[in-house]
>>> print(open('structure15.pdb').read())   # PDB, C-alpha atoms (C1' of nucleotides)
MODEL        1
ATOM      1  CA  MET A   1     -30.135  36.226  32.831
ATOM      2  CA  ALA A   2     -28.335  34.543  29.967
ATOM      3  CA  PHE A   3     -28.200  30.776  29.901
ATOM      4  CA  ASP A   4     -24.408  30.678  29.967
ATOM      5  CA  GLU A   5     -24.272  32.874  33.000
ATOM      6  CA  ALA A   6     -26.605  30.448  34.727
ATOM      7  CA  LEU A   7     -24.333  27.533  33.867
ATOM      8  CA  ALA A   8     -21.431  29.406  35.399
ATOM      9  CA  ARG A   9     -23.390  30.209  38.517
ATOM     10  CA  VAL A  10     -24.408  26.621  39.059
ATOM     11  CA  ARG A  11     -20.723  25.791  39.331
ATOM     12  CA  THR A  12     -19.956  28.384  41.979
ATOM     13  CA  GLY A  13     -18.540  26.955  45.159
ATOM     14  CA  GLY A  14     -17.772  23.573  43.708
ATOM     15  CA  GLY A  15     -21.240  22.961  42.255
ATOM     16  CA  ARG A  16     -21.404  20.339  39.504
ATOM     17  CA  LEU A  17     -23.159  20.776  36.219
ATOM     18  CA  THR A  18     -24.813  17.392  35.831
ATOM     19  CA  GLY A  19     -27.075  16.057  33.126
ATOM     20  CA  ALA A  20     -30.143  16.439  35.291
ATOM     21  CA  ARG A  21     -29.309  20.029  36.145
ATOM     22  CA  ARG A  22     -28.633  20.956  32.548
ATOM     23  CA  GLU A  23     -31.944  19.451  31.506
ATOM     24  CA  LEU A  24     -33.869  21.322  34.162
ATOM     25  CA  LEU A  25     -32.061  24.568  33.462
ATOM     26  CA  GLU A  26     -32.837  24.334  29.768
ATOM     27  CA  ASP A  27     -36.482  23.785  30.525
ATOM     28  CA  LEU A  28     -36.672  26.653  32.991
ATOM     29  CA  HIS A  29     -34.842  28.967  30.650
ATOM     30  CA  ARG A  30     -36.786  28.083  27.536
ATOM     31  CA  ARG A  31     -40.240  28.470  29.010
ATOM     32  CA  ALA A  32     -39.626  31.627  31.042
ATOM     33  CA  GLY A  33     -43.028  31.232  32.708
ATOM     34  CA  ARG A  34     -43.660  29.696  36.092
ATOM     35  CA  VAL A  35     -43.419  25.962  36.746
ATOM     36  CA  THR A  36     -44.013  23.789  39.766
ATOM     37  CA  ALA A  37     -41.577  21.133  40.918
ATOM     38  CA  GLU A  38     -44.146  18.496  40.099
ATOM     39  CA  GLU A  39     -44.521  19.723  36.504
ATOM     40  CA  LEU A  40     -40.778  19.686  36.057
ATOM     41  CA  ALA A  41     -40.525  16.206  37.489
ATOM     42  CA  SER A  42     -43.199  14.881  35.188
ATOM     43  CA  ARG A  43     -41.652  16.494  32.133
ATOM     44  CA  HIS A  44     -38.306  14.909  32.968
ATOM     45  CA  PRO A  45     -39.104  11.317  33.852
ATOM     46  CA  GLY A  46     -35.439  10.427  33.998
ATOM     47  CA  VAL A  47     -34.894  12.908  36.812
ATOM     48  CA  ASP A  48     -36.037  11.930  40.255
ATOM     49  CA  GLN A  49     -38.407  14.173  42.141
ATOM     50  CA  ALA A  50     -35.931  14.572  44.991
ATOM     51  CA  THR A  51     -33.336  15.671  42.481
ATOM     52  CA  VAL A  52     -35.742  18.230  41.089
ATOM     53  CA  TYR A  53     -36.257  19.756  44.529
ATOM     54  CA  ARG A  54     -32.572  19.694  45.329
ATOM     55  CA  SER A  55     -31.664  21.211  41.987
ATOM     56  CA  LEU A  56     -34.248  23.950  42.328
ATOM     57  CA  ALA A  57     -32.927  24.772  45.786
ATOM     58  CA  HIS A  58     -29.418  25.009  44.398
ATOM     59  CA  PHE A  59     -30.464  27.125  41.418
ATOM     60  CA  GLU A  60     -32.206  29.477  43.775
ATOM     61  CA  GLU A  61     -29.211  29.740  46.074
ATOM     62  CA  VAL A  62     -26.996  30.846  43.210
ATOM     63  CA  GLY A  63     -29.609  33.277  41.964
ATOM     64  CA  VAL A  64     -30.600  31.526  38.762
ATOM     65  CA  ILE A  65     -34.258  31.109  39.617
ATOM     66  CA  GLU A  66     -36.728  32.359  42.209
ATOM     67  CA  HIS A  67     -39.904  30.910  43.612
ATOM     68  CA  VAL A  68     -43.232  32.362  44.557
ATOM     69  CA  HIS A  69     -46.245  31.053  46.461
ATOM     70  CA  LEU A  70     -49.311  31.503  44.349
ATOM     71  CA  GLY A  71     -51.834  30.022  46.708
ATOM     72  CA  HIS A  72     -52.494  26.888  48.633
ATOM     73  CA  GLY A  73     -50.769  24.588  46.196
ATOM     74  CA  PRO A  74     -47.123  24.034  45.399
ATOM     75  CA  ALA A  75     -44.552  26.778  44.907
ATOM     76  CA  SER A  76     -43.871  28.093  41.410
ATOM     77  CA  TYR A  77     -40.404  28.630  40.024
ATOM     78  CA  ARG A  78     -39.168  30.806  37.241
ATOM     79  CA  TRP A  79     -36.008  32.160  35.721
ATOM     80  CA  ALA A  80     -34.639  34.972  37.843
ATOM     81  CA  GLY A  81     -34.648  38.629  36.987
ATOM     82  CA  THR A  82     -38.035  38.986  35.368
ATOM     83  CA  ARG A  83     -39.318  42.240  36.774
ATOM     84  CA  THR A  84     -42.916  41.247  37.246
ATOM     85  CA  ILE A  85     -44.964  40.318  40.251
ATOM     86  CA  ALA A  86     -47.814  37.854  40.339
ATOM     87  CA  ALA A  87     -51.323  38.709  41.395
ATOM     88  CA  VAL A  88     -53.616  35.766  42.063
ATOM     89  CA  CYS A  89     -57.373  36.012  41.842
ATOM     90  CA  GLN A  90     -58.781  34.548  45.044
ATOM     91  CA  GLU A  91     -61.871  33.353  43.287
ATOM     92  CA  CYS A  92     -60.803  31.851  39.988
ATOM     93  CA  GLY A  93     -57.121  31.354  40.674
ATOM     94  CA  ALA A  94     -56.013  33.275  37.585
ATOM     95  CA  VAL A  95     -52.481  34.603  37.751
ATOM     96  CA  ILE A  96     -51.940  38.114  36.410
ATOM     97  CA  ASP A  97     -48.413  39.366  35.949
ATOM     98  CA  LEU A  98     -47.854  43.000  36.751
ATOM     99  CA  PRO A  99     -44.837  45.198  36.075
ATOM    100  CA  ALA A 100     -42.771  45.290  39.231
ATOM    101  CA  ASP A 101     -42.685  49.084  38.977
ATOM    102  CA  GLU A 102     -46.165  49.128  40.402
ATOM    103  CA  LEU A 103     -44.583  48.383  43.752
ATOM    104  CA  ASP A 104     -41.865  51.010  43.578
ATOM    105  CA  ALA A 105     -43.822  53.641  45.463
ATOM    106  CA  LEU A 106     -44.755  51.168  48.176
ATOM    107  CA  ALA A 107     -41.172  49.978  48.426
ATOM    108  CA  ARG A 108     -39.994  53.528  48.937
ATOM    109  CA  ARG A 109     -42.536  54.182  51.667
ATOM    110  CA  LEU A 110     -41.712  50.985  53.533
ATOM    111  CA  ASP A 111     -38.054  51.847  53.388
ATOM    112  CA  ASP A 112     -38.532  55.434  54.556
ATOM    113  CA  GLU A 113     -41.000  54.725  57.314
ATOM    114  CA  TYR A 114     -40.014  51.330  58.645
ATOM    115  CA  GLY A 115     -36.567  50.619  57.282
ATOM    116  CA  LEU A 116     -37.959  47.610  55.459
ATOM    117  CA  GLU A 117     -36.576  46.448  52.152
ATOM    118  CA  LEU A 118     -39.473  45.110  50.114
ATOM    119  CA  SER A 119     -38.623  42.098  48.003
ATOM    120  CA  LEU A 120     -40.705  41.476  44.987
ATOM    121  CA  GLY A 121     -40.834  37.763  44.670
ATOM    122  CA  HIS A 122     -41.803  35.055  47.098
ATOM    123  CA  PHE A 123     -45.388  36.132  47.728
ATOM    124  CA  ALA A 124     -48.076  36.948  45.254
ATOM    125  CA  LEU A 125     -50.567  39.731  45.619
ATOM    126  CA  SER A 126     -54.058  38.575  46.422
ATOM    127  CA  VAL A 127     -56.712  40.167  44.218
ATOM    128  CA  ARG A 128     -60.067  39.732  42.595
ATOM    129  CA  CYS A 129     -59.845  39.874  38.850
ATOM    130  CA  PRO A 130     -62.164  41.943  36.665
ATOM    131  CA  ALA A 131     -64.109  38.877  35.579
ATOM    132  CA  CYS A 132     -64.840  37.786  39.145
ATOM    133  CA  ARG A 133     -65.850  41.165  40.570
TER     134      ARG A 133
ATOM    135  CA  MET B   1     -65.729  42.387  65.382
ATOM    136  CA  ALA B   2     -67.479  41.893  68.684
ATOM    137  CA  PHE B   3     -67.549  38.433  70.179
ATOM    138  CA  ASP B   4     -71.343  38.247  70.192
ATOM    139  CA  GLU B   5     -71.522  39.116  66.547
ATOM    140  CA  ALA B   6     -69.144  36.256  65.867
ATOM    141  CA  LEU B   7     -71.369  33.850  67.792
ATOM    142  CA  ALA B   8     -74.302  34.940  65.682
ATOM    143  CA  ARG B   9     -72.354  34.532  62.466
ATOM    144  CA  VAL B  10     -71.283  31.030  63.339
ATOM    145  CA  ARG B  11     -74.948  30.086  63.419
ATOM    146  CA  THR B  12     -75.758  31.444  59.988
ATOM    147  CA  GLY B  13     -77.118  28.866  57.607
ATOM    148  CA  GLY B  14     -77.833  26.264  60.252
ATOM    149  CA  GLY B  15     -74.355  26.366  61.808
ATOM    150  CA  ARG B  16     -74.190  25.009  65.363
ATOM    151  CA  LEU B  17     -72.416  26.705  68.205
ATOM    152  CA  THR B  18     -70.731  23.751  69.843
ATOM    153  CA  GLY B  19     -68.449  23.589  72.842
ATOM    154  CA  ALA B  20     -65.381  23.156  70.691
ATOM    155  CA  ARG B  21     -66.281  26.122  68.512
ATOM    156  CA  ARG B  22     -66.969  28.349  71.493
ATOM    157  CA  GLU B  23     -63.634  27.416  73.020
ATOM    158  CA  LEU B  24     -61.739  28.160  69.834
ATOM    159  CA  LEU B  25     -63.600  31.395  69.249
ATOM    160  CA  GLU B  26     -62.805  32.608  72.735
ATOM    161  CA  ASP B  27     -59.159  31.863  72.236
ATOM    162  CA  LEU B  28     -59.016  33.570  68.855
ATOM    163  CA  HIS B  29     -60.875  36.566  70.156
ATOM    164  CA  ARG B  30     -58.907  36.980  73.339
ATOM    165  CA  ARG B  31     -55.470  36.806  71.818
ATOM    166  CA  ALA B  32     -56.165  38.935  68.722
ATOM    167  CA  GLY B  33     -52.758  38.006  67.316
ATOM    168  CA  ARG B  34     -52.085  35.305  64.770
ATOM    169  CA  VAL B  35     -52.257  31.617  65.594
ATOM    170  CA  THR B  36     -51.630  28.463  63.632
ATOM    171  CA  ALA B  37     -54.020  25.529  63.608
ATOM    172  CA  GLU B  38     -51.409  23.459  65.331
ATOM    173  CA  GLU B  39     -51.036  25.955  68.197
ATOM    174  CA  LEU B  40     -54.779  26.035  68.662
ATOM    175  CA  ALA B  41     -54.988  22.267  68.672
ATOM    176  CA  SER B  42     -52.274  21.965  71.282
ATOM    177  CA  ARG B  43     -53.848  24.598  73.505
ATOM    178  CA  HIS B  44     -57.172  22.769  73.370
ATOM    179  CA  PRO B  45     -56.312  19.144  73.901
ATOM    180  CA  GLY B  46     -59.978  18.209  74.157
ATOM    181  CA  VAL B  47     -60.564  19.399  70.610
ATOM    182  CA  ASP B  48     -59.408  17.190  67.793
ATOM    183  CA  GLN B  49     -57.065  18.585  65.189
ATOM    184  CA  ALA B  50     -59.556  17.818  62.416
ATOM    185  CA  THR B  51     -62.174  19.750  64.331
ATOM    186  CA  VAL B  52     -59.798  22.685  64.614
ATOM    187  CA  TYR B  53     -59.302  22.779  60.848
ATOM    188  CA  ARG B  54     -62.992  22.365  60.153
ATOM    189  CA  SER B  55     -63.927  25.031  62.664
ATOM    190  CA  LEU B  56     -61.390  27.465  61.286
ATOM    191  CA  ALA B  57     -62.735  26.877  57.788
ATOM    192  CA  HIS B  58     -66.242  27.567  59.001
ATOM    193  CA  PHE B  59     -65.241  30.682  60.932
ATOM    194  CA  GLU B  60     -63.539  31.988  57.853
ATOM    195  CA  GLU B  61     -66.546  31.286  55.653
ATOM    196  CA  VAL B  62     -68.762  33.371  57.871
ATOM    197  CA  GLY B  63     -66.183  36.144  58.086
ATOM    198  CA  VAL B  64     -65.170  35.770  61.704
ATOM    199  CA  ILE B  65     -61.506  35.112  61.040
ATOM    200  CA  GLU B  66     -59.066  35.325  58.153
ATOM    201  CA  HIS B  67     -55.867  33.488  57.381
ATOM    202  CA  VAL B  68     -52.569  34.531  55.923
ATOM    203  CA  HIS B  69     -49.531  32.643  54.640
ATOM    204  CA  LEU B  70     -46.474  33.923  56.372
ATOM    205  CA  GLY B  71     -43.905  31.708  54.716
ATOM    206  CA  HIS B  72     -43.173  28.092  54.184
ATOM    207  CA  GLY B  73     -44.859  26.898  57.332
ATOM    208  CA  PRO B  74     -48.503  26.591  58.296
ATOM    209  CA  ALA B  75     -51.141  29.261  57.733
ATOM    210  CA  SER B  76     -51.841  31.805  60.474
ATOM    211  CA  TYR B  77     -55.333  32.766  61.572
ATOM    212  CA  ARG B  78     -56.589  35.829  63.330
ATOM    213  CA  TRP B  79     -59.773  37.615  64.242
ATOM    214  CA  ALA B  80     -61.190  39.393  61.203
ATOM    215  CA  GLY B  81     -61.224  43.090  60.615
ATOM    216  CA  THR B  82     -57.832  44.080  61.916
ATOM    217  CA  ARG B  83     -56.603  46.574  59.389
ATOM    218  CA  THR B  84     -52.989  45.520  59.298
ATOM    219  CA  ILE B  85     -50.932  43.538  56.867
ATOM    220  CA  ALA B  86     -48.054  41.279  57.720
ATOM    221  CA  ALA B  87     -44.550  41.720  56.397
ATOM    222  CA  VAL B  88     -42.228  38.760  56.884
ATOM    223  CA  CYS B  89     -38.485  39.115  56.993
ATOM    224  CA  GLN B  90     -37.034  36.576  54.587
ATOM    225  CA  GLU B  91     -33.951  36.155  56.662
ATOM    226  CA  CYS B  92     -34.990  35.995  60.296
ATOM    227  CA  GLY B  93     -38.675  35.247  59.857
ATOM    228  CA  ALA B  94     -39.799  38.181  61.977
ATOM    229  CA  VAL B  95     -43.348  39.313  61.317
ATOM    230  CA  ILE B  96     -43.932  43.061  61.241
ATOM    231  CA  ASP B  97     -47.480  44.353  61.205
ATOM    232  CA  LEU B  98     -48.079  47.400  59.074
ATOM    233  CA  PRO B  99     -51.123  49.648  58.883
ATOM    234  CA  ALA B 100     -53.184  48.517  55.934
ATOM    235  CA  ASP B 101     -53.326  52.108  54.711
ATOM    236  CA  GLU B 102     -49.849  51.662  53.387
ATOM    237  CA  LEU B 103     -51.398  49.683  50.566
ATOM    238  CA  ASP B 104     -54.142  52.152  49.742
ATOM    239  CA  ALA B 105     -52.214  53.892  47.008
ATOM    240  CA  LEU B 106     -51.257  50.584  45.433
ATOM    241  CA  ALA B 107     -54.826  49.350  45.657
ATOM    242  CA  ARG B 108     -56.024  52.433  43.845
ATOM    243  CA  ARG B 109     -53.498  52.032  41.067
ATOM    244  CA  LEU B 110     -54.272  48.353  40.553
ATOM    245  CA  ASP B 111     -57.951  49.158  40.369
ATOM    246  CA  ASP B 112     -57.506  52.045  37.917
ATOM    247  CA  GLU B 113     -55.031  50.382  35.639
ATOM    248  CA  TYR B 114     -55.966  46.725  35.689
ATOM    249  CA  GLY B 115     -59.414  46.517  37.239
ATOM    250  CA  LEU B 116     -57.987  44.431  40.060
ATOM    251  CA  GLU B 117     -59.364  44.613  43.562
ATOM    252  CA  LEU B 118     -56.466  44.174  45.954
ATOM    253  CA  SER B 119     -57.290  42.164  49.030
ATOM    254  CA  LEU B 120     -55.204  42.750  52.057
ATOM    255  CA  GLY B 121     -55.038  39.434  53.771
ATOM    256  CA  HIS B 122     -54.020  36.029  52.537
ATOM    257  CA  PHE B 123     -50.455  36.837  51.527
ATOM    258  CA  ALA B 124     -47.782  38.589  53.485
ATOM    259  CA  LEU B 125     -45.311  41.044  52.096
ATOM    260  CA  SER B 126     -41.804  39.725  51.802
ATOM    261  CA  VAL B 127     -39.184  42.053  53.236
ATOM    262  CA  ARG B 128     -35.810  42.315  54.883
ATOM    263  CA  CYS B 129     -36.047  43.863  58.299
ATOM    264  CA  PRO B 130     -33.744  46.628  59.538
ATOM    265  CA  ALA B 131     -31.776  44.213  61.708
ATOM    266  CA  CYS B 132     -31.027  41.859  58.807
ATOM    267  CA  ARG B 133     -30.055  44.463  56.231
TER     268      ARG B 133
ATOM    269  C1'  DT C   1      -9.313  10.729  43.222
ATOM    270  C1'  DT C   2     -12.240  13.482  45.732
ATOM    271  C1'  DC C   3     -16.277  15.776  46.650
ATOM    272  C1'  DT C   4     -20.859  16.476  44.804
ATOM    273  C1'  DT C   5     -24.982  14.699  43.119
ATOM    274  C1'  DT C   6     -28.296  11.098  42.200
ATOM    275  C1'  DG C   7     -32.009   7.592  42.787
ATOM    276  C1'  DC C   8     -34.676   5.221  45.799
ATOM    277  C1'  DA C   9     -37.465   4.743  49.624
ATOM    278  C1'  DA C  10     -38.900   6.447  53.790
ATOM    279  C1'  DA C  11     -40.122  10.307  56.736
ATOM    280  C1'  DA C  12     -41.770  14.801  57.788
ATOM    281  C1'  DT C  13     -45.117  18.465  57.489
ATOM    282  C1'  DG C  14     -49.533  20.564  56.958
ATOM    283  C1'  DT C  15     -54.144  19.621  55.778
ATOM    284  C1'  DT C  16     -58.316  16.930  54.297
ATOM    285  C1'  DT C  17     -61.582  13.133  54.322
ATOM    286  C1'  DG C  18     -64.853   9.033  55.501
ATOM    287  C1'  DC C  19     -67.516   7.328  58.746
ATOM    288  C1'  DA C  20     -70.187   6.114  62.860
ATOM    289  C1'  DG C  21     -71.585   8.100  67.043
ATOM    290  C1'  DA C  22     -72.593  12.447  69.719
ATOM    291  C1'  DT C  23     -74.700  16.949  69.988
ATOM    292  C1'  DA C  24     -77.197  21.440  69.024
ATOM    293  C1'  DC C  25     -81.351  23.248  67.931
TER     294       DC C  25
ATOM    295  C1'  DG D   1     -86.153  14.411  65.593
ATOM    296  C1'  DT D   2     -83.018  15.822  62.276
ATOM    297  C1'  DA D   3     -79.282  17.988  60.406
ATOM    298  C1'  DT D   4     -74.799  19.354  61.868
ATOM    299  C1'  DC D   5     -70.626  18.444  64.244
ATOM    300  C1'  DT D   6     -67.144  15.520  66.447
ATOM    301  C1'  DG D   7     -63.333  12.174  67.207
ATOM    302  C1'  DC D   8     -60.700   8.851  65.279
ATOM    303  C1'  DA D   9     -57.851   6.995  61.916
ATOM    304  C1'  DA D  10     -56.454   6.948  57.509
ATOM    305  C1'  DA D  11     -55.390   9.461  53.275
ATOM    306  C1'  DC D  12     -53.429  13.260  50.954
ATOM    307  C1'  DA D  13     -50.202  16.783  48.966
ATOM    308  C1'  DT D  14     -45.894  18.891  49.109
ATOM    309  C1'  DT D  15     -41.345  18.764  50.432
ATOM    310  C1'  DT D  16     -37.271  16.826  52.923
ATOM    311  C1'  DT D  17     -33.971  13.353  54.360
ATOM    312  C1'  DG D  18     -30.596   9.132  54.821
ATOM    313  C1'  DC D  19     -27.839   6.346  52.440
ATOM    314  C1'  DA D  20     -25.168   3.800  49.120
ATOM    315  C1'  DA D  21     -24.003   4.009  44.282
ATOM    316  C1'  DA D  22     -22.867   7.014  40.248
ATOM    317  C1'  DG D  23     -20.812  10.986  38.206
ATOM    318  C1'  DA D  24     -18.302  15.578  37.605
ATOM    319  C1'  DA D  25     -14.056  17.930  38.042
TER     320       DA D  25
ENDMDL
END
>>> encode(input="structure15.pdb", output="structure tokens")
Amino acid sequence: MAFDEALARVRTGGGRLTGARRELLEDLHRRAGRVTAEELASRHPGVDQATVYRSLAHFEEVGVIEHVHLGHGPASYRWAGTRTIAAVCQECGAVIDLPADELDALARRLDDEYGLELSLGHFALSVRCPACR
Amino acid sequence: MAFDEALARVRTGGGRLTGARRELLEDLHRRAGRVTAEELASRHPGVDQATVYRSLAHFEEVGVIEHVHLGHGPASYRWAGTRTIAAVCQECGAVIDLPADELDALARRLDDEYGLELSLGHFALSVRCPACR
DNA sequence: TTCTTTGCAAAATGTTTGCAGATAC
DNA sequence: GTATCTGCAAACATTTTGCAAAGAA
């Protein structure tokens, strides 16, 4: 998603585009990878941790970012719309990004057989990476 | 896995089969479904919460149980070896158990293309259930 | 001017740890 | 007898909340 579109979305439903939000959005957009709330907070010392969480929640509500659970630690956030899914190595913790297409066949089966709509984000796949096998 | 086999496993490497552990094992075995540490602790008031966590960790180490993250709440534990995977509805939180075979094709692809060994437990699939669509 | 957002501090949630005494083997 | 396990209480990590002041529209 383009940065400007994100700015517009943040304002939907009376949302305000504050300094803190703009700062966080720029960071999230620029890096494109995954970040935890704690990393964001520490990179933006002027922005309170509570504000980081509240901003992230708002960004997610308006579809600007999405979060995924990579393991036992904190959630990871990234700019929305990247069609990849995370696989986490259970042993070394490495995160491997896979094209989301890999799940297309599974998604189709789950839909056909159970009426379930598979959503790509939110949970990682649990794997063992080549190095750890 | 049979209950007796579990008892044996708990003793591997000098592990002791204590009253608390036997109680928890019986509960986990009998119910076969998923339980959180907190539920276990409250069903066994004589067993301290710390003991529950430590026992669960030990049971998992010796392969008697496995845990999965179903969402934002606590982890869920269940008797090992059940070949199903959990799908969690993002909207209503319902947990749907699917035959693990559904992931066989995906597992094969991930192995062939990336050298990744997919492991079935630990993370749930994120879905929208028929009722919520 | 009005409604939203912020910072701060405190609470809530889920889990882990240190330690001295109890228990399994 | 000796190493492991337990309860207790305190710490920890992540996230959420209440509230009064500040800021966006």
>>> residues_near_point(input="structure15.pdb", point="(-18.3, 12.7, 40.3)", cutoff="9 Å", atoms="all atoms listed in the file", output="list in words")
Arg16 of chain A; DT2, DC3, DT4 and DT5 of chain C; DA22, DG23, DA24 and DA25 of chain D
>>> resolve_selection(input="structure15.pdb", expression="the PyMOL selection byres ((chain B) within 12 of (chain D))", output="JSON, numbers by chain")
{"B": [11, 13, 14, 15, 16, 17, 18, 19, 20, 21, 45, 46, 47, 48, 49, 50, 51, 52, 54, 55, 58, 72, 73]}
>>> interface_residues(input="structure15.pdb", of="chain B", to="chain A", cutoff="8 Å", atoms="only C-alpha atoms", output="PyMOL selection string")
chain B and resi 102-103+106+109+114-130+133
>>> interface_residues(input="structure15.pdb", of="chain C", to="chain B", cutoff="8 Å", atoms="only C-alpha atoms (C1' of nucleotides)", output="list in words")
DG14, DT15, DT23, DA24 and DC25 of chain C
>>> atom_distance(input="structure15.pdb", atom1="atom CA of Asp27 of chain B", atom2="atom C1' of DT17 of chain C")
26.0 Å
>>> atom_distance(input="structure15.pdb", atom1="atom CA of Trp79 of chain B", atom2="atom CA of Glu66 of chain B")
6.5 Å
>>> atom_distance(input="structure15.pdb", atom1="atom CA of His44 of chain B", atom2="atom CA of Arg30 of chain B")
14.3 Å
>>> resolve_selection(input="structure15.pdb", expression="the PyMOL selection byres ((chain A and resi 7) around 10)", output="PyMOL selection string")
chain A and resi 2-6+8-12+16-17+21-22+25-26+59+64
